[in-house]
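First up is the structure itself, then whatever we jot down about it.
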2 protein chains.
Amino acid sequence: MVTGTASTQDDLRRLNRARLLRRLHEVGAARRSDLVAFSGLNRSTVGVLVSELAEAGLVTEAAGLPGQVGRPSLRVQPVPESAVVIAFDLKVESTIVALVGLGGGELWRRELRHERTDYAPAEAIRSVLSLIRQALRRAPEGAAWVGVGVGVPGVVDHADGLVRLAPNLGWADVPLGQMLRSALESEYGCVPHVSVSNDADLGALAEHVRGVGVQARNVIYLSGEVGIGGGVIIDGRPMLGAGGFGGEVGHMVVNPQGIECRCGARGCWETEIGRDALVRAARLRDEDASVSDVIAAAAADSKPARAAIDSAGQWLGLGLANLVNVFNPEVIVLGGHLRLVYPLVSSTVLRQVQLAMPAAREQARVEVPALNADSTLFGAAEAAFEGLLADPMAVIAASVHATAS
Amino acid sequence: MVTGTASTQDDLRRLNRARLLRRLHEVGAARRSDLVAFSGLNRSTVGVLVSELAEAGLVTEAAGLPGQVGRPSLRVQPVPESAVVIAFDLKVESTIVALVGLGGGELWRRELRHERTDYAPAEAIRSVLSLIRQALRRAPEGAAWVGVGVGVPGVVDHADGLVRLAPNLGWADVPLGQMLRSALESEYGCVPHVSVSNDADLGALAEHVRGVGVQARNVIYLSGEVGIGGGVIIDGRPMLGAGGFGGEVGHMVVNPQGIECRCGARGCWETEIGRDALVRAARLRDEDASVSDVIAAAAADSKPARAAIDSAGQWLGLGLANLVNVFNPEVIVLGGHLRLVYPLVSSTVLRQVQLAMPAAREQARVEVPALNADSTLFGAAEAAFEGLLADPMAVIAASVHATAS
């Protein structure tokens, strides 16, 4: 069940319609009887709400699956071509874009590689707009374009998409959400739902909705990139904090005798398990080496590379035990390069996690992402769908038709 | 606005009635027009719902305050004598009990001191029952007794009141909630709402509802007792985690080169700022010395005592910076002995907090509790009122009359 605030009967109807569409978007096709059971609404109310969604083209109804016992229940399914969003994962070395349909399926994708440095905000906006044009050319005939979602490796004010700090992009106080809205307004005359969020927050969202955290109410996602970001789902909802800046677990100090972090503190978790820590400890010559290079060196029997990975495993486990004590999550998902490192050090990590308080550690699983390297990208798509899923009829009525552009 | 799940019109009416009573309980007397503005409901709906609450005796209505412009709005106020709860703070060396009326005011209190050791669960239940009898004798004529709330310094399964671990009481896997319910059932034949919770979780709740966190959506409360507990409010709601075991920030490892904690890990935050750490570092002869003794020794110019307090300030600040990064709270409340230590080391602490990420630290205040030493006690009262506030009419209909017992 989804919670919301309903004061009047109109609100209630709108909320219930939105709950049904969100359910279909997240879980896929369902029988009417499943929707009745899920929603707690009576059969006729579900019938009316589904008809409204069908009239808007968002779902179709067909006879129930064969082989069912009793009166067949109508089967309701979301129409992927009815509404689309465009999702971006802005990474330090590349931009990944995907066109995603209602129901969460990928319709098209592209990756644009670029230089690590000098990725100026205006340049980023130009790339994003160019990729939006390409994506819209691939959009199904008649699809409503209902959102754009962007994941950024940095501290983002969720409310307005202000990127407060993205050190690895070289950004500080970049109003990315506003810049994007202005650019869309001048190009299309109408702006769909725009969401700019922290990459790890989106990773957490995607793994919660469609990945290893589907059954869980409390999920932590760690993005291992140059830095270590964190996204946290508490009781089924993203933890934002006062300004949307929560989850910066990479700057949890775990080793006060460690080295200075680029944030100014000493011994942050990311100075022990971030990419730079691994590359430095592995003594690779290339400063731009990746964690994959470290893993390859370790496989080729480089002692420093093996030591670097072992050390990262120790510190990863210590920090995870902290997160287990602090959050009591069902699942911690290790994304980015942690996804590659974890299988090599899992026994060390799990031994360290055993040092968390018993009640909490018994309930915690450590996992790699079900969506592999795409958690942030699909999380950006989910965030972009939020407008539609909050109020389907209003958004469809106001939406830009993708193929009209 | 309070959120809830409403599927039918009956649910909606029940939810809205509950929202109004919760508002009056938390904020006190309000004009009908305030309730209209607060709830988003129309005037006549508010009128009907308030009348129902008045018929149940929970609120009264009177003419508006003099001196108002325009048509006077009726003034609605909660009736403290209509419904009462009994709240307990089970501390290591004493049990504090209070009788609290609707609206949150204290009607009576008592403190029972006991030995630190050998506080067996059965003995605790006998004390609690005896104190309940005493409290009920002080209850107003005709009051409905709607709940019992208990705060425990330990890891508690919120759902059923199972105390998983309360090392300083010497308890492990004590089904306190169930024991209390059985005892009440056999003594009174009817059980009000029973809540058993972690002491810091209740501290957070009370400071959020009635203390320094009233305006905040994200509040962290730290209980400095023998150990360091944490209670966390995220976006206005208690953070429970998978099993209600979240917030164990005292076992966040901050100093891997530190001493072993009684939890088995090394360098937990509480091994640096807990009472034992302070007493040990201050080199007081009495092992049962309190933090007040350490503070007195420092005031009397004991060098080790001053060093103990300075060191606690450093580690307190380091851990608070971690919490600011992890949660992005508006307020962190320092309860228990931290309330006494903080004023002596606030400049050190705030300098350390400056090492948190700028976006998050700009939004964070560090405070001592508005409810002084009573945050847990009043939090237990709030938790005890939860049953009534979730569904006033059903609870009043089923409740035990305090004075009948």
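Starting from 1 in every chain, residues are counted up; chains themselves are A, B, ... following the order of the structure tokens, and ligands are numbered from 1 as listed.
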
If you count only C-alpha atoms, which residues fall within 7 Å of region 73-81 of chain A, apart from same-chain ones fewer than 6 positions away, as an NGL selection string? :A and (24-25 or 28-33 or 58-64 or 101-103 or 140 or 143)

Among region 53-160 of chain A, which ones does DSSP place in alpha helix (DSSP H), written as a ChimeraX atom specification? /A:53-55,121-137

Residue with the minimum atom-to-atom distance to chain B, picked from A:Val97, A:Ile309, A:Ala54, A:Val156 with only C-alpha atoms counted, is A:Val156

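The part of chain A that reaches within 6 Å of chain B is made up of A:Thr3, A:Gly4, A:Thr5, A:Ser7, A:Leu41, A:Gly241, A:Ala242, A:Phe245, A:Gly246, A:Gly247, A:Glu248, A:Val249, A:Met252, A:Val254, A:Ala265, A:Asn322, A:Asn325, A:Val326, A:Phe327, A:Asn328, A:Pro329, A:Glu330, A:Leu355, A:Ala360, counting only C-alpha atoms.
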
Written file, previous selection with N, CA and C atoms, as an mmCIF file, in the first residue's frame:
data_model
loop_
_atom_site.group_PDB
_atom_site.id
_atom_site.type_symbol
_atom_site.label_atom_id
_atom_site.label_comp_id
_atom_site.auth_asym_id
_atom_site.auth_seq_id
_atom_site.Cartn_x
_atom_site.Cartn_y
_atom_site.Cartn_z
ATOM 1 N N THR A 3 1.199 5.280 0.773
ATOM 2 C CA THR A 3 0.549 6.254 1.635
ATOM 3 C C THR A 3 0.502 7.610 0.956
ATOM 4 N N GLY A 4 -0.409 8.410 1.361
ATOM 5 C CA GLY A 4 -0.522 9.752 0.820
ATOM 6 C C GLY A 4 -1.491 10.521 1.676
ATOM 7 N N THR A 5 -1.621 11.794 1.391
ATOM 8 C CA THR A 5 -2.521 12.608 2.174
ATOM 9 C C THR A 5 -3.786 12.861 1.384
ATOM 10 N N SER A 7 -7.537 14.563 1.716
ATOM 11 C CA SER A 7 -8.419 15.344 2.559
ATOM 12 C C SER A 7 -9.841 15.281 2.034
ATOM 13 N N LEU A 41 -9.415 -1.613 -2.240
ATOM 14 C CA LEU A 41 -10.616 -0.965 -2.796
ATOM 15 C C LEU A 41 -11.602 -2.048 -3.240
ATOM 16 N N GLY A 241 16.793 13.834 4.123
ATOM 17 C CA GLY A 241 17.378 14.750 5.094
ATOM 18 C C GLY A 241 16.851 16.155 4.870
ATOM 19 N N ALA A 242 17.378 17.094 5.635
ATOM 20 C CA ALA A 242 16.853 18.465 5.627
ATOM 21 C C ALA A 242 16.867 19.073 4.226
ATOM 22 N N PHE A 245 20.600 16.217 1.252
ATOM 23 C CA PHE A 245 22.037 15.972 1.244
ATOM 24 C C PHE A 245 22.442 14.755 2.081
ATOM 25 N N GLY A 246 21.469 14.011 2.573
ATOM 26 C CA GLY A 246 21.791 12.857 3.410
ATOM 27 C C GLY A 246 22.463 11.741 2.617
ATOM 28 N N GLY A 247 23.002 10.768 3.343
ATOM 29 C CA GLY A 247 23.586 9.600 2.694
ATOM 30 C C GLY A 247 25.033 9.759 2.270
ATOM 31 N N GLU A 248 25.693 10.838 2.715
ATOM 32 C CA GLU A 248 27.104 11.022 2.327
ATOM 33 C C GLU A 248 28.007 10.144 3.195
ATOM 34 N N VAL A 249 27.782 8.835 3.082
ATOM 35 C CA VAL A 249 28.497 7.898 3.945
ATOM 36 C C VAL A 249 29.972 7.786 3.576
ATOM 37 N N MET A 252 31.989 9.564 6.113
ATOM 38 C CA MET A 252 32.002 9.079 7.486
ATOM 39 C C MET A 252 33.480 8.818 7.832
ATOM 40 N N VAL A 254 36.282 6.973 9.445
ATOM 41 C CA VAL A 254 36.458 5.633 10.026
ATOM 42 C C VAL A 254 37.886 5.429 10.518
ATOM 43 N N ALA A 265 38.439 16.621 5.833
ATOM 44 C CA ALA A 265 38.534 15.783 7.035
ATOM 45 C C ALA A 265 39.644 14.742 6.835
ATOM 46 N N ASN A 322 29.232 -0.369 10.447
ATOM 47 C CA ASN A 322 28.684 0.902 10.937
ATOM 48 C C ASN A 322 27.291 1.160 10.364
ATOM 49 N N ASN A 325 24.654 -0.980 11.968
ATOM 50 C CA ASN A 325 24.279 -0.471 13.288
ATOM 51 C C ASN A 325 23.429 0.802 13.206
ATOM 52 N N VAL A 326 23.762 1.651 12.277
ATOM 53 C CA VAL A 326 23.079 2.943 12.202
ATOM 54 C C VAL A 326 21.692 2.808 11.581
ATOM 55 N N PHE A 327 21.565 1.971 10.530
ATOM 56 C CA PHE A 327 20.316 1.938 9.766
ATOM 57 C C PHE A 327 19.479 0.665 9.934
ATOM 58 N N ASN A 328 20.068 -0.437 10.386
ATOM 59 C CA ASN A 328 19.334 -1.705 10.452
ATOM 60 C C ASN A 328 18.614 -2.012 9.129
ATOM 61 N N PRO A 329 19.385 -2.033 8.016
ATOM 62 C CA PRO A 329 18.760 -2.280 6.704
ATOM 63 C C PRO A 329 18.575 -3.769 6.439
ATOM 64 N N GLU A 330 17.672 -4.091 5.513
ATOM 65 C CA GLU A 330 17.581 -5.468 5.030
ATOM 66 C C GLU A 330 18.678 -5.755 4.003
ATOM 67 N N LEU A 355 30.705 -7.915 13.290
ATOM 68 C CA LEU A 355 30.959 -7.097 14.479
ATOM 69 C C LEU A 355 29.840 -6.098 14.751
ATOM 70 N N ALA A 360 20.695 -6.371 14.572
ATOM 71 C CA ALA A 360 20.686 -5.711 13.267
ATOM 72 C C ALA A 360 21.393 -6.552 12.209
#

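Residues of region 172-299 of chain B carrying a DSSP assignment of strand (DSSP E or B), computed from the backbone, are Ala172, Asp173, Val174, His193, Val194, Ser195, Val196, Ser197, Asn198, Val219, Ile220, Tyr221, Leu222, Ser223, Gly224, Ile228, Gly229, Gly230, Gly231, Val232, Ile233, Ile234, Arg237, Pro238, Val253, Glu260, Arg266 and Cys268 of chain B.
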
Atom-to-atom span, CA of Arg280 (chain A) and CA of Val353 (chain B), Å: 28.5 Å

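Proximity of A:Arg365, A:Arg262, A:Arg339, A:His193 to Val291 (chain A), computed with only C-alpha atoms, is greatest for A:Arg339.
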